[in-house]
Amino acid sequence: MMNEDKKEVIFLLGATGGIGKLLAEELKNNGYIIVGNGRKEDVLISMKNEGKIYDYVVGDITKDEDRKRIVEKIKEYVNKGYKVSIFYNIGILYNYPGEFKNYTNKMIEDSYKTNVISIEEMDRELEENGFYLDTIYMVSISAFFRGNWDHEYQKTKAALKAHVEDQLLNSNGRRIIALFPDTIKTGEEGMGSKLKEYPKIPGEIFVKKIAEIINGKYKKYSGFIFEIDNNNIIKLYGINPSKITNAFEYLEKVFIEDVGKAVY
Ligand SMILES: NC(=O)c1ccc[n+]([C@@H]2O[C@H](COP(=O)([O-])OP(=O)(O)OC[C@H]3O[C@@H](n4cnc5c(N)ncnc54)[C@H](OP(=O)(O)O)[C@@H]3O)[C@@H](O)[C@H]2O)c1
């Protein structure tokens with residue numbers, strides 16, 4: 001039955017992957033009504049059967065007609081009187097294609113389409129429909145760095161960070177949260193599993209903190225960096241756009257607390 005504790009609905013785009021599944025369950029346990037999205041209908045159906053999500057909308061966020069269906073579904077919940085938030089957890093990461101010359105044009109295009117353009121288009125379409133929703137963006141600590149990983153992924157996350165900064169300048173009273181996590185471990189699934197030699201944030205620790213943040217803890221920050229230090233301690237930092245550049249500046253981050261130990 002519908003969990004009506006909070007009467008708050010979170011549209012979780014990218015519910016079907018490693019972090020998405022853990023997030024859905026944790027947020028549901030915090031009393032939110034979760035509507036999941038992804039392209040994998042079978043995964044959404046089993047998540048619904050397991051009670052991790054209340055409802056779902058299958059769709060490829062890079063496709064105009066699929067985004068339209070997501071907006072229609074959001075409309076349904078708004079019209080029923082629910083407070084609706086949107087959580088962009090989607091993304092693609094390539095497995096070490098190496099130097100820039102090794103990327104195909106399709107890989108470059110797909111990276112931007114999924115990780116940035118679809119999110120911008122979705123935000124614009126929501127505004128066109130008069131929806132100014134509280135929004136959570138899953139960016140990545142790689143938005144601040146170049147080199148090492150999937151180079152295009154890092155560039156797309158930097159572009160997504162710029163989009164969030166722009167949204168914060170025109171927030172219209174919405175709560176906007178940007179998440180900048182280091183590598184996350186979610187079993188065999190998820191992007192973190194591709195980075196075998198890296199220490200990782202246990203997924204369960206990560207999603208617990210995210211629930212606290214969404215519940216209103218650390219409200220004075222709009223951005224959150226989860227960084228693993230040289231001793232494998234996971235440090236949580238808060239960050240707001242710089243008064244000089246209006247951008248999230250890594251060096252202006254403020255330490256909040258240690259949240260646990262990284263694993264491999
Ligand atoms: N894992 C990490 O270490 C880490 C660290 C920092 C940030 N992040 C970010 O966290 C988010 C989730 O990552 P993850 O590790 O859980 O990866 P994942 O398991 O690969 O999950 C990616 C999710 O994105 C969805 N997705 C991809 N393309 C889509 C499309 N065109 N339309 C709709 N949905 C699409 C996938 O659903 P379908 O396949 O069903 O479409 C899936 O639910 C990503 O934004 C990632 O960049 C991850």
# chains A, B, ... in the order shown; residues from 1 in each chain; ligands from 1
call {"tool": "closest_atom_pairs", "arguments": {"of": "segment 205-256 of chain A", "to": "segment 157-178 of chain A", "cutoff": "6 Å", "atoms": "only C-alpha atoms", "output": "JSON lines"}}
result
{"residue": "A:Ser222", "atom": "CA", "partner": "A:Ile177", "partner_atom": "CA", "distance": 4.9}
{"residue": "A:Gly223", "atom": "CA", "partner": "A:Ala178", "partner_atom": "CA", "distance": 4.6}
{"residue": "A:Ala247", "atom": "CA", "partner": "A:Glu165", "partner_atom": "CA", "distance": 5.8}
call {"tool": "write_last_selection", "arguments": {"atoms": "C-alpha atoms", "output": "PDB file, in the first residue's frame"}}
result
ATOM      1  CA  SER A 222      23.745  22.969  -1.598  1.00  0.00           C
ATOM      2  CA  GLY A 223      26.657  20.715  -2.561  1.00  0.00           C
ATOM      3  CA  ALA A 247      30.625  27.980  -9.282  1.00  0.00           C
TER       4      ALA A 247
END
call {"tool": "residues_near_ligand", "arguments": {"ligand": "ligand 1", "cutoff": "8 Å", "atoms": "only C-alpha atoms and all ligand atoms", "output": "VMD selection string"}}
result
chain A and resid 13 to 21 37 to 41 43 to 44 59 to 63 88 to 93 113 to 115 138 to 142 153 157 179 to 186 189 to 193 195 200 to 201
call {"tool": "closest_residue", "arguments": {"among": "A:Lys7, A:Arg67, A:Lys106, A:Lys52", "to": "Val84 of chain A", "atoms": "only C-alpha atoms"}}
result
A:Lys7
call {"tool": "residues_around", "arguments": {"residues": "Asn240 of chain A", "least_positions_apart": "6", "cutoff": "9 Å", "atoms": "only C-alpha atoms", "output": "PyMOL selection string"}}
result
chain A and resi 220-224+246-249+252-253
call {"tool": "select_by_dssp", "arguments": {"residues": "segment 17-122 of chain A", "states": "alpha helix (DSSP H)", "output": "PyMOL selection string"}}
result
chain A and resi 18-29+41-49+64-79+105-112+118-122
call {"tool": "select_by_dssp", "arguments": {"residues": "segment 107-203 of chain A", "states": "strand (DSSP E or B)", "output": "ChimeraX atom specification"}}
result
/A:134-138,176-181,184-186,189,200-202
call {"tool": "closest_residue", "arguments": {"among": "A:Ile136, A:Ile119, A:Val9, A:Met47", "to": "Lys73 of chain A", "atoms": "only C-alpha atoms"}}
result
A:Val9
